[in-house]
Amino acid sequence: MRACDRLLDYVKYHTTSDPLSDTSPSAPRQFALAEHLKAQLAALGLADARVSPDCYVYAALPATPGHEGAGALGLIAHMDTADEASGENVCPQIHPNYDGRVVLLPATGTLLSPEMFPFLRTLRGQTLITSDGSTLLGADDKAGIAEIMTALERIIAENRPHGRLCVAFTPDEEIGRGTDHFDIPGFGADFAYTVDGGDVGEIEYENFNAAAAVVTVHGRSVHPGSAKNAMINAQNVAMEFHAALPALDRPEHTEGREGFYHLTSMEGEVSLARLGYIIRDHDAATFEQRKGVMRHIATRLNERYGPGTVELDIKDTYHNMIEQIRPHFHLVKNARAAIRAAGLKPIENPIRGGTDGAMLSYKGLPCPNLGTGGFNYHGPYECITAEKMDKAVEVLLGIVARYA
């Protein structure tokens with residue numbers, strides 16, 4: 001079975017994670033796909049396939065005779081989808097022999113245009129897969145799951161030599177909690193790759209340091225007719241807070257290794273307002289400075305409006321994995337070699353985001369990230385091609401061969 005056929009199966013499962021939930025998994029619906037994957041792994045012959053109470057799927061394939069001394073290699077992808085667009089009732093659209101031109105997504109009339117997305121022209125002649133425009137597609141990261149499963153099937157069916165292979169599919173990556181309950185000792189790998197990137201050929205081993213911040217403003221509601229020197233409008237104070245941040249340090253004005261403050265949510269009334277932010281920077285020192293800037297603004301506003309007016313809660317979510325990958329740079333070298341052997345040129349750019357691999361690396365499992373062949377994740381413009389998925393499988397097979 002081709003990886004694209006598996007993807008079309010997996011996207012039927014509604015697995016959107018819930019950032020407002022404090023359970024694990026954040027949405028119980030993720031168990032349906034987890035159980036489906038467990039059954040498929042068992043059918044392939046991985047007798048220890050299991051689903052943990054927290055909705056992590058684990059399995060392992062013992063080494064072929066004579067390769068027991070090879071390091072145990074892990075392959076990881078995540079089951080959940082992002083909540084920026086619906087992940088329910090996904091209706092994939094197949095565009096065989098794509099001509100590189102505008103694609104109409106039929107449910108909404110949305111246009112997937114090479115004028116907006118020039119990479120589309122490079123996909124001419126391939127089998128393009130999109131949603132119908134009413135949802136995301138879910139290739140992030142069900143494509144990664146499909147590619148790992150397809151690689152496993154080929155390894156077993158073709159009796160390819162390999163060391164011990166450990167497989168895991170995780171919940172809640174999209175809300176930054178994909179590794180919260182990851183059982184690294186039980187997983188059993190010495191090192192691993194997440195298969196959760198963009199274009200096939202990508203190797204990502206450097207990412208943002210990341211934090212989430214919540215600004216809570218407590219106002220004082222007074223009748224507007226007698227509000228002078230008495231009212232504190234929490235919404236106005238919240239806007240002051242935001243205006244005090246550097247206006248050009250926003251995602252829409254940054255690229256490469258440039259960090260940012262990103263306002264992700266805002267709500268309020270006169271007596272109470274909240275702002276939600278994510279903070280990102282590749283450089284650890286600058287990352288700490290960014291958090292310091294937010295604390296300084298909160299302090300100054302409390303001096304102006306009174307103690308306790310502004311509460312700031314900052315929590316680190318993940319760190320730059322490069323420091324943990326450097327001592328295990330064979331992971332990058334072997335991925336490069338496998339990508340070149342597949343006829344591709346390695347693409348190595350710092351991630352302007354994060355993956356499970358970043359947190360796993362800091363927890364002791366070195367884990368760079370590989371591309372799946374997908375584009376435009378987290379929205380209705382998401383797409384992938386069958387041929388790029390085939391290449392991603394080829395890359396995985398090449399990596400497994402090198403570690404054997």
# chains A, B, ... in the order shown; residues from 1 in each chain; ligands from 1
$ residues_around --residues "Val90 (chain A)" --least-positions-apart "4" --cutoff "7 Å" --atoms "only C-alpha atoms" --output "NGL selection string"
:A and (11-12 or 131 or 135 or 137)
$ residues_around --residues "Asp18 (chain A)" --least-positions-apart "5" --cutoff "10 Å" --atoms "only C-alpha atoms" --output "VMD selection string"
chain A and resid 23 25 to 28 80 to 83 172 174 to 175
$ closest_residue --among "A:Gly176, A:Gly109, A:Gly69, A:Gly256" --to "Pro19 (chain A)" --atoms "only C-alpha atoms"
A:Gly176
$ select_by_dssp --residues "region 140-353 of chain A" --states "alpha helix (DSSP H)" --output "ChimeraX atom specification"
/A:140-157,184-187,234-244,284-305,322-325,330-341
$ residues_around --residues "region 367-374 of chain A" --least-positions-apart "3" --cutoff "9 Å" --atoms "only C-alpha atoms" --output "number ranges by chain"
A: 74, 139-141, 143-144, 147, 191-206, 321-322, 324-325, 331-332, 335, 355-361, 377, 382-393
$ residues_around --residues "region 259-272 of chain A" --least-positions-apart "6" --cutoff "9 Å" --atoms "only C-alpha atoms" --output "MDAnalysis selection string"
chainID A and resid 208 216:222 231:236 238 242 245:246 248:251 253 278:283 286:287 290 352
$ write_last_selection --atoms "N, CA and C atoms" --output "CSV table (one decimal), in the first residue's frame"
chain,number,residue,atom,x,y,z
A,208,PHE,N,13.1,27.2,17.4
A,208,PHE,CA,12.9,28.3,18.4
A,208,PHE,C,13.0,27.8,19.8
A,216,THR,N,-3.1,39.1,32.3
A,216,THR,CA,-4.4,39.3,32.9
A,216,THR,C,-4.5,40.7,33.5
A,217,VAL,N,-5.4,41.5,33.1
A,217,VAL,CA,-5.5,42.9,33.5
A,217,VAL,C,-6.8,43.0,34.4
A,218,HIS,N,-6.7,43.5,35.6
A,218,HIS,CA,-7.8,43.7,36.5
A,218,HIS,C,-8.2,45.2,36.5
A,219,GLY,N,-9.3,45.5,36.0
A,219,GLY,CA,-9.8,46.9,35.9
A,219,GLY,C,-10.6,47.3,37.1
A,220,ARG,N,-11.1,48.5,37.0
A,220,ARG,CA,-12.1,49.1,38.0
A,220,ARG,C,-13.2,49.7,37.3
A,221,SER,N,-14.4,49.0,37.3
A,221,SER,CA,-15.5,49.5,36.6
A,221,SER,C,-16.3,50.5,37.4
A,222,VAL,N,-16.4,51.7,36.8
A,222,VAL,CA,-17.2,52.8,37.4
A,222,VAL,C,-18.1,53.4,36.3
A,231,MET,N,-12.1,55.2,37.2
A,231,MET,CA,-12.2,54.1,36.4
A,231,MET,C,-10.8,53.6,35.9
A,232,ILE,N,-10.6,52.3,35.9
A,232,ILE,CA,-9.5,51.7,35.2
A,232,ILE,C,-10.0,50.7,34.2
A,233,ASN,N,-10.0,51.1,32.9
A,233,ASN,CA,-10.6,50.2,31.9
A,233,ASN,C,-9.5,49.2,31.5
A,234,ALA,N,-9.8,47.9,31.9
A,234,ALA,CA,-8.8,46.8,31.7
A,234,ALA,C,-8.5,46.7,30.2
A,235,GLN,N,-9.4,46.9,29.4
A,235,GLN,CA,-9.2,46.8,27.9
A,235,GLN,C,-8.1,47.8,27.5
A,236,ASN,N,-8.2,49.0,28.0
A,236,ASN,CA,-7.3,50.0,27.6
A,236,ASN,C,-5.9,49.7,28.1
A,238,ALA,N,-4.7,46.8,28.7
A,238,ALA,CA,-4.3,45.6,27.9
A,238,ALA,C,-3.7,46.2,26.6
A,242,HIS,N,0.2,45.9,25.0
A,242,HIS,CA,0.5,45.4,23.6
A,242,HIS,C,1.3,46.5,22.9
A,245,LEU,N,5.1,46.7,23.3
A,245,LEU,CA,6.0,45.7,22.7
A,245,LEU,C,6.5,46.2,21.4
A,246,PRO,N,7.7,45.8,20.9
A,246,PRO,CA,8.3,46.3,19.7
A,246,PRO,C,7.4,45.9,18.5
A,248,LEU,N,7.7,45.8,15.3
A,248,LEU,CA,8.3,45.1,14.2
A,248,LEU,C,8.7,43.7,14.6
A,249,ASP,N,8.6,43.4,15.9
A,249,ASP,CA,8.9,42.0,16.4
A,249,ASP,C,7.7,41.2,16.5
A,250,ARG,N,7.0,41.1,15.3
A,250,ARG,CA,5.9,40.2,15.2
A,250,ARG,C,6.1,39.2,14.0
A,251,PRO,N,5.4,38.1,14.0
A,251,PRO,CA,5.6,37.1,13.0
A,251,PRO,C,5.6,37.6,11.6
A,253,HIS,N,6.5,40.3,10.4
A,253,HIS,CA,7.7,41.1,10.0
A,253,HIS,C,9.0,40.4,10.2
A,278,ILE,N,2.5,34.0,22.3
A,278,ILE,CA,3.6,33.1,22.3
A,278,ILE,C,4.9,33.9,22.0
A,279,ILE,N,6.0,33.5,22.6
A,279,ILE,CA,7.3,34.2,22.5
A,279,ILE,C,8.2,33.2,21.9
A,280,ARG,N,9.0,33.7,20.9
A,280,ARG,CA,9.9,32.8,20.2
A,280,ARG,C,11.2,33.5,19.9
A,281,ASP,N,12.3,32.7,20.0
A,281,ASP,CA,13.7,33.2,19.6
A,281,ASP,C,14.6,32.0,19.5
A,282,HIS,N,15.5,32.0,18.5
A,282,HIS,CA,16.4,30.9,18.4
A,282,HIS,C,17.6,31.1,19.4
A,283,ASP,N,17.9,32.3,19.7
A,283,ASP,CA,19.1,32.6,20.6
A,283,ASP,C,18.6,32.5,22.0
A,286,THR,N,18.7,36.0,23.9
A,286,THR,CA,17.7,37.0,23.4
A,286,THR,C,16.3,36.5,23.9
A,287,PHE,N,16.1,35.2,23.9
A,287,PHE,CA,14.8,34.6,24.4
A,287,PHE,C,14.6,35.1,25.8
A,290,ARG,N,13.6,38.7,25.9
A,290,ARG,CA,12.2,39.0,25.4
A,290,ARG,C,11.2,38.8,26.6
A,352,ARG,N,11.0,27.6,12.3
A,352,ARG,CA,10.3,28.7,13.0
A,352,ARG,C,9.0,28.1,13.7
$ residues_around --residues "Asn97 (chain A)" --least-positions-apart "4" --cutoff "9 Å" --atoms "only C-alpha atoms" --output "list in words"
Arg124, Gly125, Gln126, Thr127 and Leu128 of chain A
